[in-house]
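Novice: The structure's right below; bear with me while I get my questions together.
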Amino acid sequence: MTNLSDAGVSGAVDDSHLAEKKLSSDEILAGNFLQIRRDTVSLPDCRHTTREYVVHPGAVMIVALLDDGQVVLERQYRYPLHAVMIEFPAGKLDAGESSFECARRELREETGYTAREWAKAGVLHPAIAYSTEFIDIWFARGLTPGEQQLDSGEFLEVFSATPEELMKWCASGWVTDAKTLTGMLWLSNMLSGAWTLEWQTA
C-alpha cells in the first residue's frame, strides 16, 4: 500500500503502476468550443481499451467578497439540467487569455464589479472521469460596482448572500453546482483561518 503521508503535498509518488498509455486518438465531435475524443489506451496489465472524453479549454470561478462580508452570486438557467442554478461567477478561458485576465473579465462582464485585490486559491477538476476541464479558483475583494456586459444570449441574475446563508443552501442540497460547493469549501476555510490566501493588487 502506498504511504501518501510520506510523499507530502508535492506529489513525489511513483504512479507508473496505475498509468494508462495512449496508443491512438480519434476526434468524435468538434463543437464550437468543446471537442470529444476517443483514445485507445494500454492499461497497466497491458490490455487495451478505449477512453472517451471531452476536451475543454479551461475556466475560472470568482469568489467575490463585498465590503459587508457578503459574497456575489448568480442565478442562471443551465440547459442540460433544465434548471436555474445558484453559482459563483465563472466563465471559460478565451484563446490566448491568461487565467487572471479571464477572471477579471468574467467578473466585470457578468456582475459589473471590478476588484482592487485578487488572490488565486487553487484549481478544481469538476469531471475527472470524462473531461479535461479545469477551473481556476480566484478570490476578489475591494469591489466597485458597474454595468454588466453580458454576451449576446446570456441571461443571469446577480445577487448577494452571507457565507452563512450560502453554507445552509449547500448543506440543504439547494446548491449543487460543483464549482460553487468547492468555492464554499475554500471560503469557509479562509474565513476560519485554516487556509490562507496571498492577495495582490490588480
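For the C-alpha cells, the naming scheme is as follows: chains receive sequential letters (A, B, ...) according to their order of presentation, residues are indexed from 1 within each chain, and ligands are indexed from 1 in presentation order.
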Restrict the calculation to only C-alpha atoms, then for each residue of segment 77-184 of chain A with any atom at most 9 Å from an atom of segment 64-70 of chain A give the closest atom pair and their distance in Å to one decimal, rows by chain and rising residue number, as a tab-separated table.

Specialist:
residue	atom	partner	partner_atom	distance
A:Phe88	CA	A:Ala64	CA	8.1
A:Pro89	CA	A:Ala64	CA	8.2
A:Leu107	CA	A:Ala64	CA	8.3
A:Tyr113	CA	A:Ala64	CA	8.8
A:Ala115	CA	A:Ala64	CA	8.2
A:Trp138	CA	A:Ala64	CA	8.3
A:Phe139	CA	A:Ala64	CA	5.8
A:Ala140	CA	A:Ala64	CA	4.6
A:Arg141	CA	A:Leu65	CA	5.0
A:Gly142	CA	A:Asp67	CA	6.8
A:Leu143	CA	A:Leu66	CA	6.2
A:Ser160	CA	A:Gln70	CA	6.1
A:Ala161	CA	A:Gln70	CA	5.2
A:Thr162	CA	A:Gln70	CA	4.3
A:Pro163	CA	A:Gln70	CA	6.4

Novice: Could those selected residues go to a file with N, CA and C atoms, as a PDB file, in the first residue's frame?

Specialist:
ATOM      1  N   PHE A  88     -21.313  30.765  -8.139  1.00  0.00           N
ATOM      2  CA  PHE A  88     -20.366  31.858  -8.150  1.00  0.00           C
ATOM      3  C   PHE A  88     -20.135  32.272  -9.601  1.00  0.00           C
ATOM      4  N   PRO A  89     -19.804  33.540  -9.860  1.00  0.00           N
ATOM      5  CA  PRO A  89     -19.489  33.956 -11.230  1.00  0.00           C
ATOM      6  C   PRO A  89     -18.355  33.106 -11.803  1.00  0.00           C
ATOM      7  N   LEU A 107     -15.747  38.590 -14.167  1.00  0.00           N
ATOM      8  CA  LEU A 107     -16.388  39.300 -13.064  1.00  0.00           C
ATOM      9  C   LEU A 107     -17.027  40.587 -13.556  1.00  0.00           C
ATOM     10  N   TYR A 113     -18.948  44.206 -11.482  1.00  0.00           N
ATOM     11  CA  TYR A 113     -17.972  44.570 -10.464  1.00  0.00           C
ATOM     12  C   TYR A 113     -16.539  44.514 -11.008  1.00  0.00           C
ATOM     13  N   ALA A 115     -12.509  44.633  -9.140  1.00  0.00           N
ATOM     14  CA  ALA A 115     -11.930  44.367  -7.830  1.00  0.00           C
ATOM     15  C   ALA A 115     -10.567  45.032  -7.688  1.00  0.00           C
ATOM     16  N   TRP A 138     -10.480  31.876  -8.063  1.00  0.00           N
ATOM     17  CA  TRP A 138      -9.969  33.196  -7.694  1.00  0.00           C
ATOM     18  C   TRP A 138     -10.855  33.826  -6.631  1.00  0.00           C
ATOM     19  N   PHE A 139     -10.225  34.579  -5.733  1.00  0.00           N
ATOM     20  CA  PHE A 139     -10.935  35.418  -4.781  1.00  0.00           C
ATOM     21  C   PHE A 139     -10.709  36.874  -5.171  1.00  0.00           C
ATOM     22  N   ALA A 140     -11.724  37.702  -4.959  1.00  0.00           N
ATOM     23  CA  ALA A 140     -11.632  39.132  -5.279  1.00  0.00           C
ATOM     24  C   ALA A 140     -12.262  39.937  -4.156  1.00  0.00           C
ATOM     25  N   ARG A 141     -11.662  41.086  -3.844  1.00  0.00           N
ATOM     26  CA  ARG A 141     -12.230  41.961  -2.817  1.00  0.00           C
ATOM     27  C   ARG A 141     -11.917  43.407  -3.180  1.00  0.00           C
ATOM     28  N   GLY A 142     -12.482  44.334  -2.391  1.00  0.00           N
ATOM     29  CA  GLY A 142     -12.376  45.741  -2.753  1.00  0.00           C
ATOM     30  C   GLY A 142     -13.171  46.015  -4.012  1.00  0.00           C
ATOM     31  N   LEU A 143     -14.444  45.596  -3.992  1.00  0.00           N
ATOM     32  CA  LEU A 143     -15.263  45.641  -5.205  1.00  0.00           C
ATOM     33  C   LEU A 143     -15.849  47.026  -5.456  1.00  0.00           C
ATOM     34  N   SER A 160     -26.551  38.851  -3.810  1.00  0.00           N
ATOM     35  CA  SER A 160     -25.532  38.597  -2.796  1.00  0.00           C
ATOM     36  C   SER A 160     -26.156  37.857  -1.623  1.00  0.00           C
ATOM     37  N   ALA A 161     -25.303  37.168  -0.874  1.00  0.00           N
ATOM     38  CA  ALA A 161     -25.740  36.416   0.303  1.00  0.00           C
ATOM     39  C   ALA A 161     -24.588  36.351   1.282  1.00  0.00           C
ATOM     40  N   THR A 162     -24.902  36.094   2.530  1.00  0.00           N
ATOM     41  CA  THR A 162     -23.849  35.908   3.520  1.00  0.00           C
ATOM     42  C   THR A 162     -23.249  34.518   3.351  1.00  0.00           C
ATOM     43  N   PRO A 163     -22.002  34.325   3.786  1.00  0.00           N
ATOM     44  CA  PRO A 163     -21.430  32.971   3.741  1.00  0.00           C
ATOM     45  C   PRO A 163     -22.270  31.971   4.518  1.00  0.00           C
TER      46      PRO A 163
END

Novice: If DSSP is run on the backbone, what residues of segment 93-158 of chain A are strand (DSSP E)? A reply as a list in words would be ideal.

Specialist: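 Everything in segment 93-158 of chain A that counts as strand (DSSP E) is Thr114, Ala115, Arg116, Glu117, Trp118, Ala119, Lys120, Ala121, Gly122, Val123, Leu124, Ile135, Asp136, Ile137, Trp138, Phe139, Ala140, Arg141, Gly142, Leu143, Thr144, Leu156, Glu157 and Val158 of chain A.
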
Novice: Kindly provide the residues of segment 133-195 of chain A that approach segment 116-121 of chain A to within 12 Å, each paired with its closest atom pair and their distance in Å to one decimal, based on only C-alpha atoms, listed by chain and increasing number, as a Markdown table.

Specialist:
| residue | atom | partner | partner_atom | distance |
| --- | --- | --- | --- | --- |
| A:Ile135 | CA | A:Ala121 | CA | 10.9 |
| A:Asp136 | CA | A:Lys120 | CA | 7.5 |
| A:Ile137 | CA | A:Ala121 | CA | 5.4 |
| A:Trp138 | CA | A:Lys120 | CA | 4.5 |
| A:Phe139 | CA | A:Ala119 | CA | 5.1 |
| A:Ala140 | CA | A:Trp118 | CA | 4.6 |
| A:Arg141 | CA | A:Glu117 | CA | 5.4 |
| A:Gly142 | CA | A:Arg116 | CA | 4.8 |
| A:Leu143 | CA | A:Arg116 | CA | 6.4 |
| A:Thr144 | CA | A:Arg116 | CA | 8.0 |
| A:Pro145 | CA | A:Arg116 | CA | 11.5 |
| A:Thr182 | CA | A:Ala121 | CA | 10.8 |
| A:Gly183 | CA | A:Ala121 | CA | 9.3 |
| A:Met184 | CA | A:Ala121 | CA | 11.9 |
| A:Leu185 | CA | A:Ala121 | CA | 11.0 |
| A:Trp186 | CA | A:Ala121 | CA | 7.6 |
| A:Leu187 | CA | A:Ala121 | CA | 9.6 |
| A:Asn189 | CA | A:Ala121 | CA | 11.1 |
| A:Met190 | CA | A:Ala121 | CA | 9.6 |
| A:Trp195 | CA | A:Ala121 | CA | 9.2 |

Novice: Could you pull out the helix (DSSP H, G or I) residues of segment 5-176 of chain A from DSSP and send them as a count of residues only?

Specialist: 32

Novice: Could you list, as a ChimeraX atom specification, every residue within 12 Å of segment 174-178 of chain A, counting only C-alpha atoms and ignoring same-chain residues fewer than 2 positions away?

Specialist: /A:61,73-76,78,81,83-90,124-127,134-135,165-172,180-185

Novice: Store the residues picked out above in a file with C-alpha atoms, as a PDB file, in the first residue's frame.

Specialist:
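Here's the written file part16.pdb:
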ATOM      1  CA  MET A  61     -14.549  30.937 -10.946  1.00  0.00           C
ATOM      2  CA  LEU A  73     -23.683  35.068  -6.582  1.00  0.00           C
ATOM      3  CA  GLU A  74     -25.655  34.429  -9.739  1.00  0.00           C
ATOM      4  CA  ARG A  75     -28.832  32.637 -10.770  1.00  0.00           C
ATOM      5  CA  GLN A  76     -28.571  31.196 -14.266  1.00  0.00           C
ATOM      6  CA  ARG A  78     -28.436  25.704 -17.219  1.00  0.00           C
ATOM      7  CA  LEU A  81     -30.262  20.273 -16.296  1.00  0.00           C
ATOM      8  CA  ALA A  83     -32.993  24.291 -14.081  1.00  0.00           C
ATOM      9  CA  VAL A  84     -31.888  27.619 -12.663  1.00  0.00           C
ATOM     10  CA  MET A  85     -28.722  27.137 -10.620  1.00  0.00           C
ATOM     11  CA  ILE A  86     -27.101  29.268  -7.913  1.00  0.00           C
ATOM     12  CA  GLU A  87     -23.436  29.765  -8.733  1.00  0.00           C
ATOM     13  CA  PHE A  88     -20.366  31.858  -8.150  1.00  0.00           C
ATOM     14  CA  PRO A  89     -19.489  33.956 -11.230  1.00  0.00           C
ATOM     15  CA  ALA A  90     -17.473  31.908 -13.718  1.00  0.00           C
ATOM     16  CA  LEU A 124     -10.767  22.419  -9.464  1.00  0.00           C
ATOM     17  CA  HIS A 125     -11.240  19.474 -11.833  1.00  0.00           C
ATOM     18  CA  PRO A 126     -15.048  19.062 -11.935  1.00  0.00           C
ATOM     19  CA  ALA A 127     -15.354  15.938 -14.097  1.00  0.00           C
ATOM     20  CA  PHE A 134     -10.075  22.678 -15.041  1.00  0.00           C
ATOM     21  CA  ILE A 135     -11.459  25.687 -13.162  1.00  0.00           C
ATOM     22  CA  GLU A 165     -26.700  31.615   4.032  1.00  0.00           C
ATOM     23  CA  LEU A 166     -24.711  30.029   1.236  1.00  0.00           C
ATOM     24  CA  MET A 167     -23.461  27.300   3.564  1.00  0.00           C
ATOM     25  CA  LYS A 168     -27.064  26.469   4.532  1.00  0.00           C
ATOM     26  CA  TRP A 169     -28.067  26.269   0.866  1.00  0.00           C
ATOM     27  CA  CYS A 170     -25.144  23.921   0.183  1.00  0.00           C
ATOM     28  CA  ALA A 171     -25.988  21.738   3.184  1.00  0.00           C
ATOM     29  CA  SER A 172     -29.677  21.531   2.230  1.00  0.00           C
ATOM     30  CA  THR A 180     -19.781  26.619  -6.082  1.00  0.00           C
ATOM     31  CA  LEU A 181     -19.564  23.839  -3.486  1.00  0.00           C
ATOM     32  CA  THR A 182     -15.777  23.889  -3.864  1.00  0.00           C
ATOM     33  CA  GLY A 183     -15.770  27.681  -3.630  1.00  0.00           C
ATOM     34  CA  MET A 184     -17.750  27.420  -0.400  1.00  0.00           C
ATOM     35  CA  LEU A 185     -15.141  24.992   0.965  1.00  0.00           C
TER      36      LEU A 185
END

Novice: Got a sec: who's within 12 Å of Cys46 of chain A, counting only C-alpha atoms, leaving out chain neighbours fewer than 3 positions off, as a list in words?

Specialist: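 Returned residues: His17, Leu18, Ala19, Glu20, Lys21, Lys22, Leu23, Val41, Ser42, Leu43 and Thr49 of chain A.
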
Novice: Would you mind telling me which residue in A:Ser188, A:Thr50, A:Thr196, A:Ser152 lies nearest to Glu164 of chain A when using only C-alpha atoms?

Specialist: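 Counting only C-alpha atoms, the residue closest to Glu164 of chain A is A:Ser188.
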
Novice: Contacts of Glu27 of chain A at 10 Å or less, counting only C-alpha atoms, minus same-chain residues fewer than 6 places along, as a ChimeraX atom specification?

Specialist: /A:35-39,52

Novice: Pick out the closest residue to Val60 of chain A from this set: A:Glu101, A:Asp45, A:Asp26, A:Glu198. Count only C-alpha atoms.

Specialist: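 The answer is A:Glu101, which sits nearest to Val60 of chain A.
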
Novice: Counting only C-alpha atoms, figure out which residue out of A:Val158, A:Ala103, A:Val13, A:Ile28 gets nearest to Ala202 of chain A.

Specialist: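 Closest residue, counting only C-alpha atoms: A:Ala103.
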
Novice: Would you compute the distance between atom CA of Arg104 of chain A and atom CA of Glu133 of chain A? Give it in Å to one decimal.

Specialist: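 Distance reported for this atom pair: 19.6 Å.
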
Novice: Just how far from atom CA of Leu34 of chain A is atom CA of Tyr53 of chain A, in Å to one decimal?

Specialist: 10.3 Å
